[in-house]
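First comes the structure, then the notes that go with it.
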Amino acid sequence: MGLTPSAAHPSVLSIDKVMKQAADAAPRFKKTDPTKKAEFLEAIASNIEELGDALITCAQKETHLPVARLQSERSRTCSQLRQFAVMVREGSWVEASIDSAQPERKPAPKPDLRKMLIPLGPVVVFGASNFPFAYSTAGGDTASALAAGCPVIVKAHPAHPETSSRVAGCIILAAEKTGMPTFVFQHVTDTSVESGQALVMHPFTRAVGFTGSFAGGKALFDLANSRKVPIPVFAEMSSVNPVCILPQALKEDVVAIAARVAVSITNDMGQFCTKPGLQIVPDNEDLVRYVKLLAEAVSKVGPVPMLHEGIAANFYKRKKESLDVQGVKLEAASVVPSSSLLGFPGIASVTASDFIAHLTLHKEVFGPWSLLIRCKDKTEMLQVIDTLEGQLTASIFGTTADLTANSEIIESMSNLAGRIILNGVPTGVEVCPSLVHGGPFPASTDSRFTAVGVPAVKRFVRPQCFQNFPDELLPVELKDKNPKGIWRMEDGEFKRF
Ligand code: NAP
């Protein structure tokens with residue numbers, strides 16, 4: 001099968017027309033049988049796979065990411081789509097709940113009340129430059145919004161427009177093949193900031209999924225809240241992902257920890273939202289060895305092309321801002337690059353007091369950079385952790401004795417982040433229902449939800465209660481006989497049949 005983007009791409013249409021088309025598709029898509037929706041999601045995955053090496057070559061050209069990384073990201077994207085298909089087909093995710101009527105109840109009769117999750121309506125999705133597949137056109141936001149039953153409008157990322165168009169073609173063809181309502185998915189290829197803002201402001205937009213920078217996410221969040229009718233913006237933004245290394249682990253496992261952290265900082269030029277940007281470490285003689293090992297390891301990497309010149313320029317700017325802060329010492333940096341696209345890794349260190357005093361050091365430097373915060377004792381470690389903002393992840397390296405003696409550090413680190421990791425690095429996000437990819441602001445705009453794994457569907461639905469509805473007017477999930485055989489809460493008991 002030769003897949004090409006549909007000739008009727010809506011990029012040439014006005015945002016108003018796009019949103020009217022999405023609003024028109026919404027009620028029909030809401031009523032589409034879950035089995036058909038599951039087939040749609042599976043067909044998207046198959047179509048992406050059918051594009052084969054040509055898609056990888058295109059993404060490689062646009063993003064400069066290595067082929068092996070792009071292949072594994074494509075697999076993850078297709079696996080995500082299939083996980084949502086399984087969830088939709090099974091059906092219990094709608095959280096159906098039934099409280100039967102009690103007409104004889106005294107002093108007042110109890111009405112029949114039934115509840116389930118229903119789709120919000122058209123969702124606008126903004127992808128990120130660093131994940132051309134998994135956080136872009138057919139990525140987690142699109143998959144979860146479609147699974148919820150919401151039409152999706154993707155604004156193509158300006159850093160990988162051709163990749164985005166080819167993946168959009170896969171979605172449009174899958175919709176046609178599986179009989180989805182027309183305009184269940186639309187791709188806006190006008191990548192201007194204005195078109196993105198118009199999508200957020202359009203009265204038919206019901207929610208926004210965003211993955212990207214803090215500046216972009218916060219701007220769109222503020223815009224959505226300034227609307228006459230505010231809408232939720234689920235923005236996954238910046239995180240510095242602190243790693244705390246406890247004293248005994250540093251002494252006993254210094255070689256292994258340095259090797260793992262170095263890879264986590266430099267892999268794909270550190271262009272991961274979960275890259276360890278801060279390390280909270282004890283200032284002792286073991287640290288000298290750790291810094292030496294880490295410096296040697298990161299200095300062997302690069303220079304390697306970054307995603308685009310804007311990302312590279314921002315990396316150098318933010319790195320310089322860190323190095324300009326009083327007390328920040330450069331510990332390692334490989335050769336200075338010869339082109340404005342090339343990135344090269346570096347690490348620096350600072351005392352806890354200087355770190356606490358300078359807020360610019362608390363912010364993300366997107367790229368292969370990590371700052372070690374030298375702490376005199378546990379009290380200083382806790383003071384540093386207390387000054388940090390919300391995070392996607394927080395990692396602790398510790399022996400059993402370390403962890404027993406430092407329960408306050410575990411507690412404080414846990415309060416910061418959506419995912420807390422013991423004796424591991426934050427990069428490498430497993431896609432499964434127990435994963436949480438989100439966290440307190442500014443990691444995301446709503447820490448109650450994850451952007452990865454099938455529970456991400458919850459961002460694009462709302463609960464609706466049906467009071468005193470006759471069986472024939474109820475959605476199938478709430479009918480007396482439970483024709484779909486889904487798990488439901490019936491008068492306080494979980495039941496399937
Ligand atoms: P970005 O510059 O914020 O761009 C993301 C998208 O938002 C683009 O389509 C961009 O379009 C649009 N956008 C940005 N600001 C806007 C505004 N004010 N109005 C309208 N549209 C706007 O982010 P990026 O450079 O692609 O990605 C790198 C960042 O993403 C890093 O900070 C990284 O940590 C973060 N990230 C986070 C996660 C996570 O899950 N938390 C995952 C991956 C990446 P224009 O370019 O046209 O403005």
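A note on labels: chains of the structure tokens are A, B, ... as shown, every chain counts residues from 1, and ligands are counted from 1 in their shown order.
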
Could the residues of stretch 353-421 of chain A that have an atom at most 9 Å from stretch 288-307 of chain A be listed as CSV, each with its closest atom pair and the distance in Å to one decimal, counting only C-alpha atoms and ordered by chain and ascending residue number?
residue,atom,partner,partner_atom,distance
A:Gly367,CA,A:Met306,CA,8.3
A:Pro368,CA,A:Val298,CA,8.7
A:Leu372,CA,A:Val291,CA,8.8

How would you report the residues lying within 6 Å of ligand 1, as a compact mmCIF listing (two decimals) with C-alpha atoms, in the first residue's frame, if you count only C-alpha atoms and all ligand atoms?
# COMPACT_ATOMS: atom_id res chain seq x y z
CA PHE A 126 0.60 20.33 19.98
CA GLY A 127 3.53 17.91 19.65
CA ALA A 128 7.15 18.37 20.75
CA SER A 129 10.28 18.68 18.62
CA ASN A 130 12.18 15.96 20.49
CA HIS A 157 5.46 20.86 14.70
CA PRO A 158 7.57 23.28 12.62
CA THR A 191 2.87 26.05 11.90
CA SER A 192 2.60 29.72 12.86
CA VAL A 193 2.12 30.66 16.50
CA GLY A 196 -1.91 27.55 17.29
CA GLN A 197 -3.39 30.36 19.33
CA THR A 211 4.10 18.72 24.98
CA GLY A 212 6.93 21.21 24.83
CA SER A 213 8.65 24.08 26.56
CA GLY A 216 4.92 27.53 25.15
CA ALA A 219 1.37 30.75 27.20
CA LEU A 220 -1.29 28.38 25.84
CA GLU A 236 3.61 18.53 29.78
CA MET A 237 6.45 21.00 30.13
CA SER A 238 9.83 21.36 31.75
CA CYS A 273 12.21 15.82 29.21
CA PHE A 366 17.33 21.41 27.63

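Between atom CA of A:Pro27 and atom CA of A:Pro122 the separation is 10.1 Å.
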
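When atom CA of A:Ser165 is paired with atom CA of A:Leu435, their separation reads 29.3 Å.
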
Quick one: residues within 7 Å of stretch 468-477 of chain A, only C-alpha atoms, excluding same-chain residues fewer than 4 positions away - as an NGL selection string?
:A and (96 or 111-113 or 482-484)

Those same residues - C-alpha atoms - I'd like them written as a PDB file, in the first residue's frame.
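The result, stored in selection-v1.pdb:
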ATOM      1  CA  ALA A  96     -19.745   2.922  34.847  1.00  0.00           C
ATOM      2  CA  PRO A 111     -33.803   8.244  42.376  1.00  0.00           C
ATOM      3  CA  ASP A 112     -32.075   5.885  39.897  1.00  0.00           C
ATOM      4  CA  LEU A 113     -28.588   7.324  39.283  1.00  0.00           C
ATOM      5  CA  ASN A 482     -24.723  -4.849  30.961  1.00  0.00           C
ATOM      6  CA  PRO A 483     -24.633  -6.058  27.312  1.00  0.00           C
ATOM      7  CA  LYS A 484     -20.910  -5.240  26.956  1.00  0.00           C
TER       8      LYS A 484
END

Which of stretch 281-364 of chain A end up as strand (DSSP E) when DSSP is run on this backbone - answer as an mmCIF file with all heavy atoms, in the first residue's frame?
data_model
loop_
_atom_site.group_PDB
_atom_site.id
_atom_site.type_symbol
_atom_site.label_atom_id
_atom_site.label_comp_id
_atom_site.auth_asym_id
_atom_site.auth_seq_id
_atom_site.Cartn_x
_atom_site.Cartn_y
_atom_site.Cartn_z
ATOM 1 N N VAL A 281 24.290 15.880 45.820
ATOM 2 C CA VAL A 281 25.347 14.929 46.197
ATOM 3 C C VAL A 281 26.053 15.365 47.481
ATOM 4 O O VAL A 281 26.165 16.567 47.772
ATOM 5 C CB VAL A 281 26.394 14.819 45.051
ATOM 6 C CG1 VAL A 281 25.828 14.024 43.886
ATOM 7 C CG2 VAL A 281 26.858 16.189 44.583
ATOM 8 N N PRO A 282 26.579 14.385 48.257
ATOM 9 C CA PRO A 282 27.330 14.742 49.471
ATOM 10 C C PRO A 282 28.714 15.278 49.092
ATOM 11 O O PRO A 282 29.376 14.705 48.230
ATOM 12 C CB PRO A 282 27.443 13.411 50.229
ATOM 13 C CG PRO A 282 27.081 12.336 49.281
ATOM 14 C CD PRO A 282 26.442 12.923 48.069
ATOM 15 N N VAL A 304 27.394 16.245 18.634
ATOM 16 C CA VAL A 304 26.374 15.572 17.823
ATOM 17 C C VAL A 304 25.336 16.634 17.451
ATOM 18 O O VAL A 304 25.048 17.510 18.270
ATOM 19 C CB VAL A 304 25.725 14.435 18.661
ATOM 20 C CG1 VAL A 304 24.520 13.869 17.962
ATOM 21 C CG2 VAL A 304 26.732 13.328 18.965
ATOM 22 N N PRO A 305 24.756 16.560 16.232
ATOM 23 C CA PRO A 305 23.737 17.558 15.877
ATOM 24 C C PRO A 305 22.534 17.504 16.825
ATOM 25 O O PRO A 305 22.049 16.417 17.140
ATOM 26 C CB PRO A 305 23.316 17.162 14.457
ATOM 27 C CG PRO A 305 24.391 16.280 13.951
ATOM 28 C CD PRO A 305 25.021 15.627 15.135
ATOM 29 N N LYS A 329 31.014 26.011 38.956
ATOM 30 C CA LYS A 329 32.322 25.599 38.439
ATOM 31 C C LYS A 329 32.135 24.562 37.335
ATOM 32 O O LYS A 329 31.448 23.550 37.538
ATOM 33 C CB LYS A 329 33.087 24.981 39.616
ATOM 34 C CG LYS A 329 34.471 24.512 39.287
ATOM 35 C CD LYS A 329 35.141 23.928 40.550
ATOM 36 C CE LYS A 329 36.355 23.113 40.152
ATOM 37 N NZ LYS A 329 36.533 21.934 40.946
ATOM 38 N N LEU A 330 32.727 24.814 36.171
ATOM 39 C CA LEU A 330 32.649 23.843 35.068
ATOM 40 C C LEU A 330 33.521 22.644 35.415
ATOM 41 O O LEU A 330 34.698 22.790 35.737
ATOM 42 C CB LEU A 330 33.135 24.503 33.773
ATOM 43 C CG LEU A 330 32.957 23.682 32.498
ATOM 44 C CD1 LEU A 330 31.486 23.456 32.185
ATOM 45 C CD2 LEU A 330 33.622 24.374 31.314
ATOM 46 N N GLU A 331 32.912 21.453 35.381
ATOM 47 C CA GLU A 331 33.664 20.238 35.742
ATOM 48 C C GLU A 331 34.049 19.443 34.512
ATOM 49 O O GLU A 331 35.017 18.685 34.548
ATOM 50 C CB GLU A 331 32.824 19.334 36.667
ATOM 51 C CG GLU A 331 32.401 19.986 37.976
ATOM 52 C CD GLU A 331 33.530 20.040 39.007
ATOM 53 O OE1 GLU A 331 34.658 19.629 38.690
ATOM 54 O OE2 GLU A 331 33.265 20.518 40.125
ATOM 55 N N ALA A 332 33.280 19.548 33.418
ATOM 56 C CA ALA A 332 33.618 18.808 32.205
ATOM 57 C C ALA A 332 32.882 19.395 31.027
ATOM 58 O O ALA A 332 31.718 19.764 31.133
ATOM 59 C CB ALA A 332 33.204 17.352 32.329
ATOM 60 N N ALA A 333 33.586 19.491 29.920
ATOM 61 C CA ALA A 333 32.952 19.902 28.667
ATOM 62 C C ALA A 333 33.811 19.396 27.537
ATOM 63 O O ALA A 333 35.022 19.550 27.574
ATOM 64 C CB ALA A 333 32.855 21.423 28.600
ATOM 65 N N LEU A 342 25.539 21.771 16.348
ATOM 66 C CA LEU A 342 26.146 20.712 17.162
ATOM 67 C C LEU A 342 26.041 21.012 18.659
ATOM 68 O O LEU A 342 26.267 22.135 19.099
ATOM 69 C CB LEU A 342 27.622 20.548 16.783
ATOM 70 C CG LEU A 342 27.900 20.002 15.387
ATOM 71 C CD1 LEU A 342 29.393 20.023 15.094
ATOM 72 C CD2 LEU A 342 27.374 18.575 15.255
ATOM 73 N N GLY A 343 25.713 19.957 19.402
ATOM 74 C CA GLY A 343 25.693 20.083 20.859
ATOM 75 C C GLY A 343 26.835 19.281 21.428
ATOM 76 O O GLY A 343 27.291 18.318 20.823
ATOM 77 N N GLY A 346 28.192 18.753 28.949
ATOM 78 C CA GLY A 346 28.982 19.386 29.998
ATOM 79 C C GLY A 346 28.361 19.144 31.357
ATOM 80 O O GLY A 346 27.168 18.836 31.461
ATOM 81 N N ILE A 347 29.201 19.213 32.388
ATOM 82 C CA ILE A 347 28.674 19.177 33.754
ATOM 83 C C ILE A 347 29.353 20.276 34.571
ATOM 84 O O ILE A 347 30.466 20.705 34.245
ATOM 85 C CB ILE A 347 28.847 17.800 34.449
ATOM 86 C CG1 ILE A 347 30.300 17.358 34.443
ATOM 87 C CG2 ILE A 347 27.951 16.744 33.846
ATOM 88 C CD1 ILE A 347 30.546 16.150 35.335
ATOM 89 N N ALA A 348 28.672 20.720 35.593
ATOM 90 C CA ALA A 348 29.217 21.770 36.458
ATOM 91 C C ALA A 348 28.801 21.451 37.890
ATOM 92 O O ALA A 348 27.978 20.557 38.125
ATOM 93 C CB ALA A 348 28.670 23.123 36.022
ATOM 94 N N SER A 349 29.394 22.169 38.839
ATOM 95 C CA SER A 349 28.988 21.962 40.230
ATOM 96 C C SER A 349 28.850 23.301 40.936
ATOM 97 O O SER A 349 29.374 24.331 40.472
ATOM 98 C CB SER A 349 29.989 21.056 40.958
ATOM 99 O OG SER A 349 31.176 21.773 41.213
ATOM 100 N N VAL A 350 28.133 23.266 42.054
ATOM 101 C CA VAL A 350 27.879 24.486 42.822
ATOM 102 C C VAL A 350 27.592 24.074 44.268
ATOM 103 O O VAL A 350 27.148 22.936 44.505
ATOM 104 C CB VAL A 350 26.673 25.249 42.199
ATOM 105 C CG1 VAL A 350 25.371 24.474 42.376
ATOM 106 C CG2 VAL A 350 26.534 26.649 42.743
ATOM 107 N N THR A 351 27.840 24.966 45.214
ATOM 108 C CA THR A 351 27.495 24.637 46.604
ATOM 109 C C THR A 351 25.976 24.747 46.789
ATOM 110 O O THR A 351 25.292 25.434 46.020
ATOM 111 C CB THR A 351 28.159 25.606 47.595
ATOM 112 O OG1 THR A 351 27.639 26.914 47.323
ATOM 113 C CG2 THR A 351 29.679 25.584 47.482
#

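Taking only C-alpha atoms, the non-local environment of A:Phe133 within 8 Å (same-chain residues fewer than 3 positions away omitted) comprises Glu73, Arg74, Thr77, Ser136, Thr137, Ala138 and Gly139 of chain A.
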
Put those residues in a file: C-alpha atoms, as a tab-separated table (two decimals), in the first residue's frame.
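For reference, selection-v2.tsv as written:
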chain	number	residue	atom	x	y	z
A	73	GLU	CA	10.17	5.50	19.20
A	74	ARG	CA	8.02	4.35	16.28
A	77	THR	CA	4.04	4.88	19.28
A	136	SER	CA	3.62	14.21	18.16
A	137	THR	CA	1.01	13.63	15.43
A	138	ALA	CA	-0.06	10.08	16.38
A	139	GLY	CA	1.53	10.24	19.84

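Relative to atom CA of A:Ala143, atom CA of A:Val461 is found at 13.4 Å.
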
Need the shell around stretch 387-395 of chain A: protein/DNA/RNA residues with any atom at most 8 Å away, counting only C-alpha atoms. Skip same-chain ones fewer than 2 positions apart. Format as a PDB file with N, CA, C and O atoms, in the first residue's frame?
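Saved result, selection_12.pdb, follows:
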ATOM      1  N   SER A 238       8.420  21.554  31.417  1.00  0.00           N
ATOM      2  CA  SER A 238       9.833  21.355  31.752  1.00  0.00           C
ATOM      3  C   SER A 238      10.028  20.723  33.118  1.00  0.00           C
ATOM      4  O   SER A 238       9.196  20.846  34.011  1.00  0.00           O
ATOM      5  N   SER A 239      11.172  20.032  33.246  1.00  0.00           N
ATOM      6  CA  SER A 239      11.478  19.329  34.490  1.00  0.00           C
ATOM      7  C   SER A 239      12.998  19.193  34.549  1.00  0.00           C
ATOM      8  O   SER A 239      13.641  18.989  33.517  1.00  0.00           O
ATOM      9  N   VAL A 240      13.590  19.319  35.751  1.00  0.00           N
ATOM     10  CA  VAL A 240      15.054  19.136  35.839  1.00  0.00           C
ATOM     11  C   VAL A 240      15.411  17.776  36.430  1.00  0.00           C
ATOM     12  O   VAL A 240      16.571  17.411  36.509  1.00  0.00           O
ATOM     13  N   ASN A 241      14.414  17.028  36.867  1.00  0.00           N
ATOM     14  CA  ASN A 241      14.581  15.621  37.254  1.00  0.00           C
ATOM     15  C   ASN A 241      15.757  15.398  38.212  1.00  0.00           C
ATOM     16  O   ASN A 241      16.774  14.794  37.832  1.00  0.00           O
ATOM     17  N   PRO A 242      15.652  15.907  39.446  1.00  0.00           N
ATOM     18  CA  PRO A 242      16.775  15.775  40.385  1.00  0.00           C
ATOM     19  C   PRO A 242      17.105  14.320  40.703  1.00  0.00           C
ATOM     20  O   PRO A 242      16.211  13.481  40.815  1.00  0.00           O
ATOM     21  N   VAL A 243      18.407  14.071  40.817  1.00  0.00           N
ATOM     22  CA  VAL A 243      18.912  12.754  41.238  1.00  0.00           C
ATOM     23  C   VAL A 243      19.669  12.985  42.535  1.00  0.00           C
ATOM     24  O   VAL A 243      20.581  13.800  42.578  1.00  0.00           O
ATOM     25  N   CYS A 244      19.271  12.291  43.586  1.00  0.00           N
ATOM     26  CA  CYS A 244      19.943  12.441  44.879  1.00  0.00           C
ATOM     27  C   CYS A 244      20.789  11.185  45.125  1.00  0.00           C
ATOM     28  O   CYS A 244      20.265  10.066  45.087  1.00  0.00           O
ATOM     29  N   THR A 274      13.076  13.955  30.560  1.00  0.00           N
ATOM     30  CA  THR A 274      13.429  13.291  31.830  1.00  0.00           C
ATOM     31  C   THR A 274      14.939  13.259  32.071  1.00  0.00           C
ATOM     32  O   THR A 274      15.398  12.542  32.967  1.00  0.00           O
ATOM     33  N   ILE A 356      20.755  27.484  46.168  1.00  0.00           N
ATOM     34  CA  ILE A 356      19.496  27.967  46.762  1.00  0.00           C
ATOM     35  C   ILE A 356      19.294  29.458  46.453  1.00  0.00           C
ATOM     36  O   ILE A 356      18.176  29.908  46.197  1.00  0.00           O
ATOM     37  N   HIS A 362      17.671  26.621  38.965  1.00  0.00           N
ATOM     38  CA  HIS A 362      16.605  25.643  39.240  1.00  0.00           C
ATOM     39  C   HIS A 362      15.832  25.272  37.979  1.00  0.00           C
ATOM     40  O   HIS A 362      15.009  24.366  38.006  1.00  0.00           O
ATOM     41  N   GLN A 383      17.321  20.993  52.452  1.00  0.00           N
ATOM     42  CA  GLN A 383      17.057  22.409  52.122  1.00  0.00           C
ATOM     43  C   GLN A 383      16.998  22.591  50.600  1.00  0.00           C
ATOM     44  O   GLN A 383      16.150  23.317  50.081  1.00  0.00           O
ATOM     45  N   VAL A 384      17.923  21.918  49.900  1.00  0.00           N
ATOM     46  CA  VAL A 384      17.926  22.021  48.431  1.00  0.00           C
ATOM     47  C   VAL A 384      16.617  21.457  47.864  1.00  0.00           C
ATOM     48  O   VAL A 384      15.938  22.092  47.045  1.00  0.00           O
ATOM     49  N   ILE A 385      16.247  20.260  48.337  1.00  0.00           N
ATOM     50  CA  ILE A 385      15.031  19.610  47.798  1.00  0.00           C
ATOM     51  C   ILE A 385      13.815  20.501  48.048  1.00  0.00           C
ATOM     52  O   ILE A 385      12.952  20.661  47.183  1.00  0.00           O
ATOM     53  N   PHE A 397      19.641   7.365  44.611  1.00  0.00           N
ATOM     54  CA  PHE A 397      20.556   6.227  44.684  1.00  0.00           C
ATOM     55  C   PHE A 397      20.898   6.036  46.159  1.00  0.00           C
ATOM     56  O   PHE A 397      21.360   6.977  46.822  1.00  0.00           O
ATOM     57  N   MET A 413      11.565  14.055  48.326  1.00  0.00           N
ATOM     58  CA  MET A 413      11.702  13.832  46.878  1.00  0.00           C
ATOM     59  C   MET A 413      10.369  13.349  46.292  1.00  0.00           C
ATOM     60  O   MET A 413       9.971  13.770  45.207  1.00  0.00           O
ATOM     61  N   SER A 414       9.670  12.468  47.043  1.00  0.00           N
ATOM     62  CA  SER A 414       8.373  11.957  46.549  1.00  0.00           C
ATOM     63  C   SER A 414       7.366  13.086  46.374  1.00  0.00           C
ATOM     64  O   SER A 414       6.566  13.071  45.432  1.00  0.00           O
ATOM     65  N   LEU A 416       7.851  15.958  45.391  1.00  0.00           N
ATOM     66  CA  LEU A 416       8.157  16.817  44.236  1.00  0.00           C
ATOM     67  C   LEU A 416       7.587  16.313  42.928  1.00  0.00           C
ATOM     68  O   LEU A 416       7.316  17.103  42.033  1.00  0.00           O
ATOM     69  N   ALA A 417       7.505  14.963  42.767  1.00  0.00           N
ATOM     70  CA  ALA A 417       7.441  14.408  41.412  1.00  0.00           C
ATOM     71  C   ALA A 417       6.306  13.431  41.181  1.00  0.00           C
ATOM     72  O   ALA A 417       5.755  12.839  42.117  1.00  0.00           O
ATOM     73  N   GLY A 418       6.002  13.233  39.886  1.00  0.00           N
ATOM     74  CA  GLY A 418       5.006  12.232  39.502  1.00  0.00           C
ATOM     75  C   GLY A 418       5.552  10.819  39.584  1.00  0.00           C
ATOM     76  O   GLY A 418       4.809   9.862  39.777  1.00  0.00           O
ATOM     77  N   ARG A 419       6.874  10.665  39.378  1.00  0.00           N
ATOM     78  CA  ARG A 419       7.483   9.319  39.413  1.00  0.00           C
ATOM     79  C   ARG A 419       8.738   9.391  40.270  1.00  0.00           C
ATOM     80  O   ARG A 419       9.603  10.235  40.025  1.00  0.00           O
ATOM     81  N   ILE A 420       8.834   8.527  41.273  1.00  0.00           N
ATOM     82  CA  ILE A 420      10.018   8.479  42.144  1.00  0.00           C
ATOM     83  C   ILE A 420      10.748   7.177  41.857  1.00  0.00           C
ATOM     84  O   ILE A 420      10.143   6.108  41.820  1.00  0.00           O
ATOM     85  N   ILE A 421      12.064   7.284  41.627  1.00  0.00           N
ATOM     86  CA  ILE A 421      12.857   6.136  41.140  1.00  0.00           C
ATOM     87  C   ILE A 421      13.938   5.801  42.155  1.00  0.00           C
ATOM     88  O   ILE A 421      14.684   6.690  42.584  1.00  0.00           O
ATOM     89  N   LEU A 422      14.033   4.535  42.527  1.00  0.00           N
ATOM     90  CA  LEU A 422      15.109   4.090  43.425  1.00  0.00           C
ATOM     91  C   LEU A 422      16.178   3.377  42.619  1.00  0.00           C
ATOM     92  O   LEU A 422      15.882   2.463  41.845  1.00  0.00           O
ATOM     93  N   ASN A 423      17.432   3.803  42.817  1.00  0.00           N
ATOM     94  CA  ASN A 423      18.604   3.175  42.188  1.00  0.00           C
ATOM     95  C   ASN A 423      18.435   2.991  40.686  1.00  0.00           C
ATOM     96  O   ASN A 423      18.656   1.911  40.136  1.00  0.00           O
ATOM     97  N   GLY A 424      18.004   4.060  40.044  1.00  0.00           N
ATOM     98  CA  GLY A 424      17.864   4.049  38.579  1.00  0.00           C
ATOM     99  C   GLY A 424      17.881   5.485  38.081  1.00  0.00           C
ATOM    100  O   GLY A 424      17.826   6.433  38.868  1.00  0.00           O
ATOM    101  N   VAL A 425      17.954   5.622  36.757  1.00  0.00           N
ATOM    102  CA  VAL A 425      17.980   6.954  36.154  1.00  0.00           C
ATOM    103  C   VAL A 425      16.601   7.279  35.566  1.00  0.00           C
ATOM    104  O   VAL A 425      15.832   6.369  35.255  1.00  0.00           O
ATOM    105  N   PRO A 426      16.299   8.571  35.404  1.00  0.00           N
ATOM    106  CA  PRO A 426      14.933   8.934  34.991  1.00  0.00           C
ATOM    107  C   PRO A 426      14.621   8.719  33.515  1.00  0.00           C
ATOM    108  O   PRO A 426      13.448   8.597  33.155  1.00  0.00           O
ATOM    109  N   HIS A 437       3.476   9.874  33.947  1.00  0.00           N
ATOM    110  CA  HIS A 437       4.308  10.878  33.279  1.00  0.00           C
ATOM    111  C   HIS A 437       3.555  12.193  33.396  1.00  0.00           C
ATOM    112  O   HIS A 437       2.666  12.506  32.612  1.00  0.00           O
ATOM    113  N   GLY A 438       3.948  12.929  34.407  1.00  0.00           N
ATOM    114  CA  GLY A 438       3.280  14.178  34.756  1.00  0.00           C
ATOM    115  C   GLY A 438       3.846  14.555  36.105  1.00  0.00           C
ATOM    116  O   GLY A 438       4.735  13.876  36.618  1.00  0.00           O
ATOM    117  N   GLY A 439       3.334  15.591  36.685  1.00  0.00           N
ATOM    118  CA  GLY A 439       3.840  15.969  38.002  1.00  0.00           C
ATOM    119  C   GLY A 439       3.379  17.359  38.343  1.00  0.00           C
ATOM    120  O   GLY A 439       2.793  18.058  37.506  1.00  0.00           O
ATOM    121  N   PRO A 440       3.663  17.793  39.595  1.00  0.00           N
ATOM    122  CA  PRO A 440       3.244  19.137  40.006  1.00  0.00           C
ATOM    123  C   PRO A 440       3.846  20.226  39.103  1.00  0.00           C
ATOM    124  O   PRO A 440       4.939  20.045  38.571  1.00  0.00           O
ATOM    125  N   PHE A 441       3.133  21.322  38.969  1.00  0.00           N
ATOM    126  CA  PHE A 441       3.576  22.471  38.153  1.00  0.00           C
ATOM    127  C   PHE A 441       5.000  22.869  38.551  1.00  0.00           C
ATOM    128  O   PHE A 441       5.293  22.895  39.737  1.00  0.00           O
ATOM    129  N   PRO A 442       5.903  23.191  37.623  1.00  0.00           N
ATOM    130  CA  PRO A 442       5.696  23.371  36.197  1.00  0.00           C
ATOM    131  C   PRO A 442       5.958  22.124  35.346  1.00  0.00           C
ATOM    132  O   PRO A 442       6.038  22.251  34.119  1.00  0.00           O
ATOM    133  N   ALA A 443       6.114  20.947  35.971  1.00  0.00           N
ATOM    134  CA  ALA A 443       6.290  19.750  35.141  1.00  0.00           C
ATOM    135  C   ALA A 443       5.065  19.574  34.251  1.00  0.00           C
ATOM    136  O   ALA A 443       5.170  19.214  33.080  1.00  0.00           O
ATOM    137  N   SER A 444       3.893  19.808  34.816  1.00  0.00           N
ATOM    138  CA  SER A 444       2.675  19.780  34.003  1.00  0.00           C
ATOM    139  C   SER A 444       1.687  20.782  34.593  1.00  0.00           C
ATOM    140  O   SER A 444       1.877  21.265  35.712  1.00  0.00           O
TER     141      SER A 444
END

Which of stretch 177-392 of chain A counts as alpha helix (DSSP H) under DSSP, as number ranges by chain please?
A: 177, 193-201, 214-226, 247-252, 254-266, 285-299, 309-323, 352-357, 378-387

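Closest approach to A:Val167 among A:Ala312, A:Leu55, A:Cys375, A:Ala101: A:Leu55, based on only C-alpha atoms.
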
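Of the listed residues A:Ile257, A:Met180, A:His202, A:Thr57, the one whose atoms come nearest to A:Thr163 is A:Thr57, with distances taken using only C-alpha atoms.
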
What's around A:Arg82 at 12 Å? Count only C-alpha atoms, leave out sequence neighbours fewer than 5 positions away in its own chain, and write the answer as a VMD selection string.
chain A and resid 37 to 46 75 to 77 87 to 89 138 to 140 143 to 144 147 431 to 432 453 to 454

Could you pull the residues within 12 Å of A:Val328, counting only C-alpha atoms, minus those fewer than 5 positions along the same chain, as a PyMOL selection string?
chain A and resi 319-323+347-355+357-358+360-361+370-374

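The closest residue to A:Arg496, picked from A:Ala256, A:Tyr135, A:Glu90, A:Asn314 and counting only C-alpha atoms, is A:Glu90.
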
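Proximity ranking of A:Glu62, A:Asp190, A:Asp222, A:Asp253 relative to A:Thr399 places A:Asp253 first, based on only C-alpha atoms.
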